[in-house]
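S.K.: mmCIF, C-alpha atoms and all ligand atoms, file final18.cif:
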data_run
#
loop_
_atom_site.label_atom_id
_atom_site.label_comp_id
_atom_site.auth_asym_id
_atom_site.auth_seq_id
_atom_site.Cartn_x
_atom_site.Cartn_y
_atom_site.Cartn_z
CA LEU O 23 -26.29 11.26 -15.00
CA VAL O 24 -22.90 12.31 -16.27
CA ILE O 25 -19.76 11.02 -14.58
CA GLY O 26 -16.78 13.27 -15.27
CA VAL O 27 -13.15 12.21 -15.01
CA PRO O 28 -10.70 15.12 -14.86
CA ARG O 29 -6.98 14.88 -15.51
CA GLU O 30 -5.14 14.60 -12.19
CA THR O 31 -3.24 17.81 -11.43
CA PHE O 32 -1.20 16.78 -8.36
CA PRO O 33 2.52 16.98 -9.23
CA GLY O 34 3.91 13.55 -10.13
CA GLU O 35 0.50 11.88 -10.24
CA THR O 36 0.33 9.53 -13.22
CA ARG O 37 -2.92 7.72 -12.51
CA VAL O 38 -6.41 8.43 -13.77
CA ALA O 39 -9.73 7.53 -12.15
CA THR O 40 -11.20 5.56 -15.02
CA VAL O 41 -10.01 3.37 -17.88
CA PRO O 42 -11.75 2.39 -21.14
CA GLU O 43 -12.87 -1.09 -19.92
CA VAL O 44 -14.57 0.55 -16.96
CA VAL O 45 -16.08 3.32 -19.11
CA GLN O 46 -17.92 0.60 -21.04
CA LYS O 47 -19.27 -0.92 -17.85
CA LEU O 48 -20.39 2.43 -16.45
CA ILE O 49 -22.20 3.17 -19.70
CA LYS O 50 -24.01 -0.19 -19.39
CA GLN O 51 -25.09 0.91 -15.91
CA GLY O 52 -26.78 3.90 -17.56
CA TYR O 53 -24.25 6.70 -17.01
CA ALA O 54 -22.81 9.04 -19.62
CA ILE O 55 -19.05 9.51 -19.27
CA ALA O 56 -17.03 12.69 -19.90
CA VAL O 57 -13.24 12.38 -19.76
CA GLU O 58 -10.93 15.38 -19.83
CA SER O 59 -8.68 15.37 -22.87
CA GLY O 60 -5.27 13.96 -21.93
CA ALA O 61 -6.49 12.51 -18.60
CA GLY O 62 -5.05 9.09 -19.44
CA ASN O 63 -1.80 10.23 -21.05
CA LEU O 64 0.48 9.34 -18.14
CA SER O 65 -1.21 5.95 -17.77
CA ASN O 66 -0.65 5.31 -21.50
CA ILE O 67 -4.34 5.59 -22.33
CA SER O 68 -5.19 7.84 -25.28
CA ASP O 69 -8.27 10.00 -25.79
CA ASP O 70 -9.13 7.75 -28.74
CA GLU O 71 -9.27 4.68 -26.51
CA TYR O 72 -11.71 6.42 -24.16
CA ARG O 73 -13.71 7.64 -27.15
CA ALA O 74 -13.87 4.12 -28.60
CA ALA O 75 -15.22 2.90 -25.26
CA GLY O 76 -18.06 5.43 -25.51
CA ALA O 77 -16.79 8.39 -23.48
CA GLU O 78 -17.05 11.97 -24.63
CA ILE O 79 -13.69 13.78 -24.56
CA VAL O 80 -14.07 17.27 -23.14
CA SER O 81 -12.01 20.26 -21.98
CA ALA O 82 -10.81 20.80 -18.41
CA ALA O 83 -13.53 23.38 -17.75
CA ASP O 84 -16.30 21.28 -19.31
CA VAL O 85 -15.52 18.11 -17.38
CA TRP O 86 -16.43 19.89 -14.13
CA ALA O 87 -19.26 21.98 -15.58
CA LYS O 88 -21.03 19.05 -17.30
CA SER O 89 -20.71 16.36 -14.67
CA ASP O 90 -23.13 15.42 -11.90
CA ILE O 91 -20.56 13.08 -10.40
CA ILE O 92 -16.79 13.54 -10.49
CA PHE O 93 -14.50 10.50 -10.24
CA LYS O 94 -10.99 11.48 -9.16
CA LEU O 95 -7.97 10.03 -7.44
CA ARG O 96 -6.44 12.83 -5.40
CA GLY O 97 -8.66 15.10 -3.35
CA PRO O 98 -9.44 18.30 -5.27
CA ASN O 99 -7.28 21.40 -4.87
CA GLU O 100 -8.83 24.79 -4.19
CA GLN O 101 -9.35 25.59 -7.84
CA GLU O 102 -11.00 22.23 -8.47
CA VAL O 103 -13.36 22.65 -5.51
CA GLY O 104 -14.35 25.95 -7.15
CA LEU O 105 -15.13 24.12 -10.39
CA LEU O 106 -17.28 21.40 -8.75
CA LYS O 107 -20.98 21.94 -9.47
CA GLU O 108 -23.02 23.26 -6.56
CA GLY O 109 -24.68 20.18 -5.06
CA GLY O 110 -22.49 17.85 -7.14
CA THR O 111 -21.13 14.48 -6.10
CA LEU O 112 -17.41 13.81 -5.76
CA VAL O 113 -15.74 10.43 -5.33
CA SER O 114 -11.99 10.60 -4.58
CA TYR O 115 -9.46 10.24 -1.80
CA ILE O 116 -10.20 12.89 0.84
CA TRP O 117 -8.43 11.87 4.12
CA PRO O 118 -10.98 13.91 6.13
CA ALA O 119 -9.00 13.80 9.39
CA GLN O 120 -5.98 15.41 7.72
CA ASN O 121 -7.93 17.87 5.55
CA PRO O 122 -10.50 19.78 7.63
CA GLU O 123 -10.32 22.85 5.35
CA LEU O 124 -11.07 20.81 2.25
CA MET O 125 -14.04 19.25 4.06
CA GLU O 126 -15.36 22.71 4.94
CA LYS O 127 -15.04 23.98 1.40
CA LEU O 128 -16.79 20.93 -0.05
CA ALA O 129 -19.57 21.19 2.52
CA ALA O 130 -20.03 24.86 1.61
CA LYS O 131 -20.58 23.69 -1.99
CA LYS O 132 -23.45 21.47 -0.75
CA ALA O 133 -21.53 18.59 -2.27
CA THR O 134 -22.00 14.90 -1.59
CA VAL O 135 -18.58 13.37 -1.09
CA LEU O 136 -17.59 9.72 -1.00
CA ALA O 137 -14.03 9.23 0.29
CA MET O 138 -12.19 6.24 -1.13
CA ASP O 139 -9.92 6.26 1.94
CA SER O 140 -12.95 5.74 4.19
CA VAL O 141 -14.40 2.57 2.63
CA PRO O 142 -15.06 0.26 5.60
CA ARG O 143 -12.57 -2.60 5.71
CA ILE O 144 -15.10 -5.40 5.81
CA SER O 145 -15.20 -8.41 3.49
CA ARG O 146 -18.18 -7.15 1.48
CA ALA O 147 -16.33 -3.91 0.68
CA GLN O 148 -13.04 -5.48 -0.41
CA LYS O 149 -13.89 -5.07 -4.10
CA MET O 150 -14.07 -1.29 -3.68
CA ASP O 151 -11.14 -0.96 -1.30
CA ALA O 152 -8.71 1.33 -3.10
CA LEU O 153 -6.29 1.42 -0.16
CA SER O 154 -5.84 -2.33 -0.63
CA SER O 155 -5.65 -2.28 -4.42
CA GLN O 156 -2.97 0.42 -4.31
CA ALA O 157 -1.09 -1.12 -1.34
CA ASN O 158 -0.88 -4.38 -3.28
CA ILE O 159 0.79 -2.51 -6.15
CA ALA O 160 3.14 -0.68 -3.74
CA GLY O 161 4.23 -4.01 -2.26
CA TYR O 162 4.97 -5.46 -5.68
CA ARG O 163 6.76 -2.34 -6.86
CA ALA O 164 8.86 -2.17 -3.66
CA VAL O 165 10.43 -5.49 -4.62
CA ILE O 166 11.03 -4.32 -8.19
CA GLU O 167 12.72 -1.16 -6.88
CA ALA O 168 14.82 -3.24 -4.49
CA ALA O 169 15.83 -5.63 -7.26
CA ASN O 170 16.78 -2.71 -9.46
CA ALA O 171 19.03 -1.19 -6.78
CA PHE O 172 20.50 -4.54 -5.69
CA GLY O 173 23.60 -5.75 -7.50
CA ARG O 174 22.79 -9.45 -7.44
CA PHE O 175 20.25 -12.04 -8.56
CA PHE O 176 17.29 -12.68 -6.31
CA THR O 177 17.26 -16.36 -7.15
CA GLY O 178 20.19 -18.63 -6.35
CA GLN O 179 21.90 -20.10 -9.41
CA ILE O 180 24.47 -22.73 -10.13
CA THR O 181 26.07 -21.82 -13.42
CA ALA O 182 29.18 -22.84 -15.33
CA ALA O 183 30.65 -19.53 -14.22
CA GLY O 184 30.04 -20.22 -10.56
CA LYS O 185 27.47 -20.49 -7.80
CA VAL O 186 25.33 -17.49 -6.87
CA PRO O 187 23.51 -17.53 -3.52
CA PRO O 188 19.86 -16.42 -3.36
CA ALA O 189 19.10 -12.97 -1.94
CA LYS O 190 17.64 -12.84 1.55
CA VAL O 191 14.70 -10.48 1.96
CA PHE O 192 13.16 -9.43 5.28
CA VAL O 193 9.68 -7.89 5.16
CA ILE O 194 8.40 -5.98 8.19
CA GLY O 195 4.63 -5.66 8.41
CA ALA O 196 2.51 -8.25 6.63
CA GLY O 197 -0.63 -6.28 5.79
CA VAL O 198 -1.75 -5.91 2.18
CA ALA O 199 1.51 -4.33 0.93
CA GLY O 200 3.78 -6.59 2.96
CA LEU O 201 2.08 -9.78 1.78
CA ALA O 202 2.35 -8.60 -1.84
CA ALA O 203 6.07 -7.91 -1.30
CA ILE O 204 6.58 -11.37 0.24
CA GLY O 205 4.85 -13.06 -2.71
CA THR O 206 6.76 -11.04 -5.30
CA ALA O 207 10.18 -11.59 -3.69
CA ALA O 208 9.48 -15.31 -3.23
CA ASN O 209 8.42 -15.58 -6.89
CA LEU O 210 11.72 -13.99 -7.91
CA GLY O 211 13.46 -16.77 -6.01
CA ALA O 212 14.63 -14.96 -2.87
CA ILE O 213 14.60 -16.43 0.61
CA VAL O 214 11.90 -14.37 2.31
CA ARG O 215 11.34 -13.82 6.01
CA ALA O 216 8.75 -11.57 7.58
CA ASN O 217 7.57 -10.22 10.89
CA ASP O 218 4.35 -8.60 12.03
CA THR O 219 3.12 -7.74 15.49
CA ARG O 220 -0.25 -9.33 14.70
CA LYS O 221 0.28 -13.01 15.24
CA GLU O 222 -2.70 -13.99 13.08
CA VAL O 223 -0.73 -13.13 9.93
CA ALA O 224 1.94 -15.81 10.49
CA ASP O 225 -0.02 -18.30 8.36
CA GLN O 226 -0.55 -15.71 5.61
CA ILE O 227 3.21 -15.04 5.51
CA ILE O 228 3.86 -18.75 5.07
CA SER O 229 1.17 -19.10 2.39
CA MET O 230 2.85 -16.32 0.36
CA GLY O 231 6.16 -18.19 0.45
CA GLY O 232 7.76 -16.51 3.46
CA GLU O 233 9.03 -17.68 6.80
CA PHE O 234 7.60 -16.07 9.96
CA VAL O 235 10.22 -14.47 12.20
CA ALA O 236 8.85 -14.43 15.73
CA VAL O 237 9.82 -11.95 18.43
CA ASP O 238 10.59 -13.65 21.73
CA TYR O 239 8.05 -11.70 23.81
CA GLU O 240 4.48 -12.69 24.69
CA GLU O 241 2.27 -9.92 23.28
CA ASP O 242 -0.15 -9.79 20.35
CA GLY O 243 -0.30 -6.62 18.28
CA ALA O 244 -3.90 -6.94 17.05
CA GLY O 245 -5.74 -3.68 17.78
CA THR O 246 -9.18 -2.57 16.65
CA GLY O 247 -10.62 -3.27 13.21
CA GLY O 248 -7.87 -5.70 12.17
CA TYR O 249 -5.19 -2.97 12.49
CA ALA O 250 -2.08 -2.96 14.68
CA LYS O 251 -1.67 -1.27 18.05
CA VAL O 252 1.32 0.45 19.61
CA MET O 253 3.37 -2.23 21.37
CA SER O 254 4.72 -2.16 24.94
CA GLU O 255 8.27 -0.97 25.66
CA GLY O 256 9.23 -4.54 26.51
CA PHE O 257 8.01 -5.86 23.18
CA GLN O 258 9.70 -3.04 21.27
CA LYS O 259 13.04 -3.84 22.90
CA ALA O 260 12.73 -7.55 22.08
CA GLN O 261 11.66 -6.68 18.51
CA ARG O 262 14.71 -4.42 18.06
CA GLU O 263 16.97 -7.30 19.12
CA THR O 264 15.31 -9.59 16.57
CA PHE O 265 15.58 -6.97 13.83
CA ALA O 266 19.23 -6.22 14.67
CA GLN O 267 19.99 -9.90 14.07
CA GLN O 268 18.04 -9.94 10.77
CA ALA O 269 19.76 -6.75 9.56
CA LYS O 270 23.15 -8.47 9.78
CA GLU O 271 21.91 -11.51 7.86
CA VAL O 272 19.68 -10.22 5.07
CA ASP O 273 20.38 -8.30 1.85
CA ILE O 274 17.10 -6.44 1.50
CA ILE O 275 14.65 -5.07 4.05
CA ILE O 276 11.18 -3.94 2.99
CA THR O 277 9.27 -2.12 5.71
CA THR O 278 5.50 -1.55 5.61
CA ALA O 279 4.56 -1.18 9.29
CA LEU O 280 1.78 1.29 10.04
CA ILE O 281 -0.51 2.00 12.96
CA PRO O 282 -3.63 4.01 12.04
CA GLY O 283 -3.55 7.61 13.24
CA LYS O 284 0.07 7.38 14.48
CA PRO O 285 3.40 8.18 12.90
CA ALA O 286 5.09 5.09 11.48
CA PRO O 287 6.91 3.14 14.21
CA LYS O 288 10.71 3.49 13.94
CA LEU O 289 11.86 -0.10 13.70
CA ILE O 290 15.18 0.00 11.82
CA THR O 291 17.77 2.07 13.66
CA ALA O 292 20.83 3.80 12.19
CA GLU O 293 22.94 1.18 13.94
CA MET O 294 21.08 -1.65 12.21
CA VAL O 295 21.64 0.04 8.84
CA GLN O 296 25.33 0.31 9.59
CA SER O 297 25.45 -3.41 10.39
CA MET O 298 24.04 -4.40 6.98
CA LYS O 299 26.31 -5.64 4.23
CA PRO O 300 27.43 -2.98 1.72
CA GLY O 301 25.18 -3.20 -1.35
CA SER O 302 22.12 -4.00 0.75
CA VAL O 303 18.83 -2.22 0.07
CA ILE O 304 16.04 -0.92 2.29
CA VAL O 305 12.70 0.05 0.77
CA ASP O 306 10.60 2.00 3.27
CA LEU O 307 6.95 1.92 2.29
CA ALA O 308 6.06 3.85 5.43
CA ALA O 309 8.03 6.88 4.14
CA GLU O 310 4.89 8.98 3.75
CA GLN O 311 4.11 8.55 7.46
CA GLY O 312 7.72 9.40 8.43
CA GLY O 313 9.31 6.02 7.68
CA ASN O 314 10.04 2.82 9.62
CA CYS O 315 13.78 3.37 9.23
CA GLU O 316 15.47 6.18 11.16
CA LEU O 317 17.54 7.13 8.11
CA THR O 318 14.80 7.21 5.46
CA VAL O 319 14.44 10.51 3.64
CA PRO O 320 10.80 10.55 2.47
CA GLY O 321 10.55 10.80 -1.31
CA GLU O 322 14.30 10.28 -1.82
CA VAL O 323 16.84 7.55 -2.49
CA THR O 324 19.92 7.86 -0.28
CA THR O 325 22.99 5.73 0.34
CA VAL O 326 24.30 5.41 3.89
CA HIS O 327 27.21 3.11 4.81
CA GLY O 328 26.87 1.49 1.37
CA VAL O 329 23.18 0.69 1.98
CA THR O 330 20.64 2.15 -0.47
CA ILE O 331 17.54 3.44 1.31
CA ILE O 332 14.55 4.01 -0.95
CA GLY O 333 11.90 6.31 0.51
CA TYR O 334 9.58 6.74 -2.49
CA LYS O 335 6.10 7.88 -1.50
CA ASP O 336 4.59 7.26 -4.92
CA LEU O 337 5.07 3.57 -5.63
CA PRO O 338 1.58 2.94 -7.14
CA THR O 339 2.10 5.83 -9.59
CA ARG O 340 5.17 3.96 -10.89
CA LEU O 341 2.84 1.28 -12.21
CA ALA O 342 0.34 3.77 -13.55
CA LYS O 343 -1.75 1.64 -15.87
CA THR O 344 -2.35 -1.18 -13.41
CA ALA O 345 -2.92 1.28 -10.57
CA SER O 346 -5.46 3.22 -12.67
CA THR O 347 -7.22 0.06 -13.79
CA LEU O 348 -7.62 -1.30 -10.27
CA TYR O 349 -8.68 2.07 -8.84
CA ALA O 350 -11.20 2.48 -11.68
CA THR O 351 -12.58 -0.97 -10.90
CA ASN O 352 -12.89 -0.05 -7.20
CA LEU O 353 -14.93 3.01 -8.25
CA PHE O 354 -17.09 0.93 -10.58
CA ARG O 355 -17.86 -1.53 -7.76
CA LEU O 356 -18.84 1.36 -5.53
CA SER O 357 -21.11 2.82 -8.21
CA GLU O 358 -22.66 -0.62 -8.62
CA ASP O 359 -23.60 -0.58 -4.95
CA LEU O 360 -25.06 2.88 -5.27
CA ILE O 361 -27.17 1.64 -8.16
CA LYS O 362 -28.08 -1.54 -6.37
CA THR O 363 -29.53 0.43 -3.50
CA ASN O 364 -31.21 2.50 -6.18
CA SER O 365 -32.75 -0.36 -8.12
CA VAL O 366 -34.95 -1.27 -5.16
CA ASP O 367 -36.34 2.20 -5.57
CA PRO O 368 -39.89 1.75 -6.98
CA ALA O 369 -39.29 4.61 -9.41
CA GLY O 370 -36.66 2.34 -11.04
CA GLU O 371 -34.56 5.24 -12.15
CA GLY O 372 -31.38 3.21 -12.57
CA ALA O 373 -28.44 5.48 -13.05
CA ALA O 374 -30.71 8.46 -13.56
CA ALA O 375 -30.30 9.22 -9.88
CA ILE O 376 -28.11 8.15 -7.03
CA HIS O 377 -29.83 7.35 -3.79
CA MET O 378 -27.47 7.31 -0.87
CA ASN O 379 -28.72 4.49 1.29
CA MET O 380 -27.29 5.63 4.60
CA GLU O 381 -28.57 2.42 6.22
CA ASP O 382 -25.97 0.54 4.19
CA GLU O 383 -22.77 0.24 6.25
CA VAL O 384 -20.47 0.63 3.25
CA ILE O 385 -22.23 3.66 1.77
CA ARG O 386 -22.59 5.23 5.22
CA GLY O 387 -18.92 4.71 6.07
CA THR O 388 -17.67 6.02 2.72
CA THR O 389 -19.91 9.11 2.63
CA VAL O 390 -18.07 11.90 4.42
CA ILE O 391 -20.38 14.71 3.27
CA ASP O 392 -24.05 14.25 2.35
CA GLN O 393 -25.50 17.22 0.47
CA GLY O 394 -23.39 19.67 2.42
CA ASN O 395 -23.79 17.94 5.80
CA VAL O 396 -20.58 16.51 7.19
CA THR O 397 -21.25 12.86 8.01
CA TRP O 398 -17.68 11.96 8.95
CA PRO O 399 -16.72 10.22 11.14
CA PRO O 400 -19.37 7.51 10.82
CA PRO O 401 -20.83 5.92 13.93
CA ALA O 402 -18.65 3.12 15.33
CA PRO O 403 -19.58 -0.27 13.85
CA LYS O 404 -22.00 -2.31 15.93
CA LEU O 405 -20.17 -4.88 18.01
CA SER O 406 -21.38 -8.33 17.09
P1 LIG O 501 -1.42 -1.27 7.55
O1 LIG O 501 -0.98 -0.67 6.27
O2 LIG O 501 -2.17 -0.42 8.53
O3 LIG O 501 -0.13 -1.83 8.32
C1 LIG O 501 0.75 -2.72 7.69
C2 LIG O 501 1.15 -3.84 8.61
O4 LIG O 501 2.11 -3.37 9.58
C3 LIG O 501 0.00 -4.46 9.44
O5 LIG O 501 -0.08 -5.83 9.13
C4 LIG O 501 0.42 -4.20 10.88
O6 LIG O 501 0.03 -5.26 11.75
C5 LIG O 501 1.93 -4.13 10.75
N1 LIG O 501 2.61 -3.46 11.87
C6 LIG O 501 2.25 -2.35 12.56
N2 LIG O 501 3.17 -2.07 13.51
C7 LIG O 501 4.14 -3.00 13.41
C8 LIG O 501 5.36 -3.23 14.11
N3 LIG O 501 5.75 -2.44 15.11
N4 LIG O 501 6.11 -4.29 13.74
C9 LIG O 501 5.74 -5.09 12.73
N5 LIG O 501 4.60 -4.94 12.04
C10 LIG O 501 3.81 -3.91 12.38
O7 LIG O 501 -2.22 -2.61 7.31
P2 LIG O 501 -3.18 -2.99 6.11
O8 LIG O 501 -2.40 -3.52 4.99
O9 LIG O 501 -4.06 -1.85 5.85
O10 LIG O 501 -4.00 -4.21 6.72
C11 LIG O 501 -4.45 -4.21 8.07
C12 LIG O 501 -5.47 -5.35 8.26
O11 LIG O 501 -6.67 -5.02 7.63
C13 LIG O 501 -5.04 -6.68 7.69
O12 LIG O 501 -5.44 -7.70 8.58
C14 LIG O 501 -5.82 -6.81 6.43
O13 LIG O 501 -6.06 -8.15 6.06
C15 LIG O 501 -7.09 -6.11 6.83
N6 LIG O 501 -7.79 -5.59 5.65
C16 LIG O 501 -9.10 -5.94 5.46
C17 LIG O 501 -9.76 -5.47 4.33
C18 LIG O 501 -11.20 -5.81 4.08
O14 LIG O 501 -11.71 -6.73 4.69
N7 LIG O 501 -11.89 -5.09 3.20
C19 LIG O 501 -9.11 -4.65 3.45
C20 LIG O 501 -7.78 -4.31 3.69
C21 LIG O 501 -7.13 -4.80 4.81
#
Translate the structure described by the file into structure tokens.
M.R.:
Amino acid sequence: LVIGVPRETFPGETRVATVPEVVQKLIKQGYAIAVESGAGNLSNISDDEYRAAGAEIVSAADVWAKSDIIFKLRGPNEQEVGLLKEGGTLVSYIWPAQNPELMEKLAAKKATVLAMDSVPRISRAQKMDALSSQANIAGYRAVIEAANAFGRFFTGQITAAGKVPPAKVFVIGAGVAGLAAIGTAANLGAIVRANDTRKEVADQIISMGGEFVAVDYEEDGAGTGGYAKVMSEGFQKAQRETFAQQAKEVDIIITTALIPGKPAPKLITAEMVQSMKPGSVIVDLAAEQGGNCELTVPGEVTTVHGVTIIGYKDLPTRLAKTASTLYATNLFRLSEDLIKTNSVDPAGEGAAAIHMNMEDEVIRGTTVIDQGNVTWPPPAPKLS
């Protein structure tokens, strides 16, 4: 089977769905790899590096025409759906709930589609969880962006020229991105505090070098599947009071709070921004879902009352090579599972065929279209 990796066409996208190290591994699994010429350019990976790893470098038209399976990052645009082979397999982000038309078009192509945004969030699937691998990068990069916009050291210093206090960073939401931000800011020497509505993460905040800021209100935010729920009015009021206090004290706020299927909760008000010291920085990782800060302009950097508010929606693409490498590894792990289910096949075809084992919770959850049949959403997980 041929796996094809096209160049990403979405404006501003710098990542690519495979990297030379992973090409070598996929070839060992028995696949042939076709990479579109220039696909790795924006991740600083040349055609020659892919070629040296064993891939064939092909044109944009050929990568779709030759490949049985397409590995991509962004869901395909209309033209790309047109290029996908009838009955072909596509592995990319899809976001089926937000993209019903795309789902229809892919189903009409009799495609089999595995959505990287739909990998079940269970321990066994962590190695193929692209949302986590990319959120980790976003959390790291948020701190780097904050440090770049902030006019002081993160770490405190006592120098011959005077004493410099450490920066104080407040992280809101301690999921994958938030924990990465806490660890990065702590490693740079800042004093880091963090809050999350899910109480279970308090220990994780501490283990990353942060201090847990509690809200004085008895309510736990844990919803279904390890995600957060919408909090009561009473909690929200108490949380706003806590955040108003933090806003006055800290130099940098990094917000990452999300609730699946809902717009991002507005947690930092205009008033809180106004109360921050001039020169402070807010990085709003929830910008794509509308932002956690009332004043965030998604995709933009703005300055309000002397506070820089960074609303970038593309943080992983700003660390293109690492983001590509981790995404490529997530895809490789997924393909390994597809092969594993295959290798129990008595025909022993290896990578000569992919057998979708729909009994497997991870494969079932990730497969949103199976040979033209829409299989999304998957059945709810069995309660144990
Ligand atoms: P997310 O991106 O959905 O949300 C980020 C964080 O914001 C969460 O920790 C959430 O509790 C918090 N939040 C929501 N509303 C808030 C509010 N009003 N105030 C403060 N904080 C608020 O989360 P995520 O990073 O996707 O992780 C969610 C959970 O899933 C975590 O427990 C994580 O460990 C788990 N997870 C498991 C796997 C796996 O097992 N494969 C993979 C990834 C994540």
S.K.: Which value, in Å to one decimal, gives the distance between atom CA of O:Glu30 and atom CA of O:Gly97?
M.R.: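 For atom CA of O:Glu30 relative to atom CA of O:Gly97, the distance reads 9.5 Å.
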S.K.: Report the closest atom pair, with its distance in Å rounded to one decimal, for each residue of chain O that has an atom no farther than 8 Å from ligand LIG 501 (chain O); count only C-alpha atoms and all ligand atoms, sort by chain and then rising residue number, and write it as CSV.
M.R.:
residue,atom,partner,partner_atom,distance
O:Pro142,CA,O:LIG501,N7,6.7
O:Arg143,CA,O:LIG501,N7,3.6
O:Ile144,CA,O:LIG501,O14,3.8
O:Ser145,CA,O:LIG501,O14,4.1
O:Arg146,CA,O:LIG501,N7,6.8
O:Ala147,CA,O:LIG501,N7,5.2
O:Gln148,CA,O:LIG501,N7,3.8
O:Lys149,CA,O:LIG501,N7,7.6
O:Asp151,CA,O:LIG501,N7,6.2
O:Leu153,CA,O:LIG501,C20,7.1
O:Ser154,CA,O:LIG501,C20,5.1
O:Ala157,CA,O:LIG501,O8,6.9
O:Ile194,CA,O:LIG501,C9,5.3
O:Gly195,CA,O:LIG501,O4,3.6
O:Ala196,CA,O:LIG501,O5,4.3
O:Gly197,CA,O:LIG501,O8,3.4
O:Val198,CA,O:LIG501,O8,3.7
O:Ala199,CA,O:LIG501,O8,5.7
O:Gly200,CA,O:LIG501,C2,6.8
O:Asn217,CA,O:LIG501,C9,5.7
O:Asp218,CA,O:LIG501,N5,3.7
O:Thr219,CA,O:LIG501,C9,4.6
O:Arg220,CA,O:LIG501,O6,5.0
O:Val223,CA,O:LIG501,O12,7.3
O:Gly243,CA,O:LIG501,O6,6.7
O:Ala244,CA,O:LIG501,O6,6.8
O:Gly247,CA,O:LIG501,O11,7.1
O:Gly248,CA,O:LIG501,C12,4.6
O:Tyr249,CA,O:LIG501,C11,4.6
O:Ala250,CA,O:LIG501,O6,4.3
O:Lys251,CA,O:LIG501,N2,6.7
O:Val252,CA,O:LIG501,N2,6.9
O:Met253,CA,O:LIG501,N3,6.7
O:Gln258,CA,O:LIG501,N3,7.3
O:Gln261,CA,O:LIG501,N4,7.7
O:Thr278,CA,O:LIG501,C1,5.3
O:Ala279,CA,O:LIG501,O4,3.3
O:Leu280,CA,O:LIG501,O3,4.0
O:Ile281,CA,O:LIG501,C6,5.2
O:Pro282,CA,O:LIG501,O2,5.8
O:Ala286,CA,O:LIG501,N2,7.7
O:Pro287,CA,O:LIG501,N3,5.8
O:Lys288,CA,O:LIG501,N3,7.8
O:Leu289,CA,O:LIG501,N3,6.7
S.K.: Using all atoms listed in the file, pick whichever of O:Glu35, O:Glu240, O:Asp336, O:Glu167 has the shortest atom-to-atom distance to O:Ser254.
M.R.: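 Among the listed residues, the smallest separation from O:Ser254 belongs to O:Glu240.
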S.K.: Quick check, in Å to one decimal: how far apart do atom CA of O:Glu383 and atom CA of O:Ala402 lie?
M.R.: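 Value for the atom CA of O:Glu383-atom CA of O:Ala402 distance: 10.4 Å.
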S.K.: Which residues are near stretch 104-106 of chain O? Cut-off 9 Å, only C-alpha atoms, ignore same chain within fewer than 3 positions. Put them as a PDB file with C-alpha atoms, in the coordinates of the input.
M.R.:
ATOM      1  CA  ALA O  83     -13.530  23.380 -17.750  1.00  0.00           C
ATOM      2  CA  TRP O  86     -16.430  19.890 -14.130  1.00  0.00           C
ATOM      3  CA  ALA O  87     -19.260  21.980 -15.580  1.00  0.00           C
ATOM      4  CA  SER O  89     -20.710  16.360 -14.670  1.00  0.00           C
ATOM      5  CA  ASP O  90     -23.130  15.420 -11.900  1.00  0.00           C
ATOM      6  CA  ILE O  92     -16.790  13.540 -10.490  1.00  0.00           C
ATOM      7  CA  ASN O  99      -7.280  21.400  -4.870  1.00  0.00           C
ATOM      8  CA  GLU O 100      -8.830  24.790  -4.190  1.00  0.00           C
ATOM      9  CA  GLN O 101      -9.350  25.590  -7.840  1.00  0.00           C
ATOM     10  CA  GLY O 109     -24.680  20.180  -5.060  1.00  0.00           C
ATOM     11  CA  GLY O 110     -22.490  17.850  -7.140  1.00  0.00           C
ATOM     12  CA  THR O 111     -21.130  14.480  -6.100  1.00  0.00           C
ATOM     13  CA  LEU O 112     -17.410  13.810  -5.760  1.00  0.00           C
ATOM     14  CA  LYS O 127     -15.040  23.980   1.400  1.00  0.00           C
ATOM     15  CA  LEU O 128     -16.790  20.930  -0.050  1.00  0.00           C
ATOM     16  CA  LYS O 131     -20.580  23.690  -1.990  1.00  0.00           C
ATOM     17  CA  ALA O 133     -21.530  18.590  -2.270  1.00  0.00           C
TER      18      ALA O 133
END
S.K.: Could you list, as a PDB file with C-alpha atoms, in the coordinates of the input, every residue within 7 Å of O:Ile274, counting only C-alpha atoms and ignoring same-chain residues fewer than 2 positions away?
M.R.:
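File produced: selection_7.pdb:
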ATOM      1  CA  LYS O 190      17.640 -12.840   1.550  1.00  0.00           C
ATOM      2  CA  VAL O 191      14.700 -10.480   1.960  1.00  0.00           C
ATOM      3  CA  PHE O 192      13.160  -9.430   5.280  1.00  0.00           C
ATOM      4  CA  VAL O 272      19.680 -10.220   5.070  1.00  0.00           C
ATOM      5  CA  ILE O 276      11.180  -3.940   2.990  1.00  0.00           C
ATOM      6  CA  SER O 302      22.120  -4.000   0.750  1.00  0.00           C
ATOM      7  CA  VAL O 303      18.830  -2.220   0.070  1.00  0.00           C
ATOM      8  CA  ILE O 304      16.040  -0.920   2.290  1.00  0.00           C
TER       9      ILE O 304
END
S.K.: May I have the centre and edge lengths, in Å to one decimal, of an axis-aligned box around the listed atoms of stretch 85-102 of chain O with 8 Å added to every side, as AutoDock Vina command-line options?
M.R.:
--center_x -14.8 --center_y 17.8 --center_z -10.4 --size_x 32.7 --size_y 31.6 --size_z 30.0
S.K.: Measuring between only C-alpha atoms, which one of O:Ile376, O:Ala160, O:Val38, O:Leu124 shows the shortest distance to O:Leu95?
M.R.: O:Val38
S.K.: So which one's closest to O:Leu360, O:Ala203, O:Ala208, O:Ala345, O:Met378? Using only C-alpha atoms, please.
M.R.: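 Smallest distance to O:Leu360 is found for O:Met378.
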S.K.: What's the separation between atom CA of O:Arg262 and atom CA of O:Asp242, in Å to one decimal place?
M.R.: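 Going from atom CA of O:Arg262 over to atom CA of O:Asp242 covers 16.0 Å.
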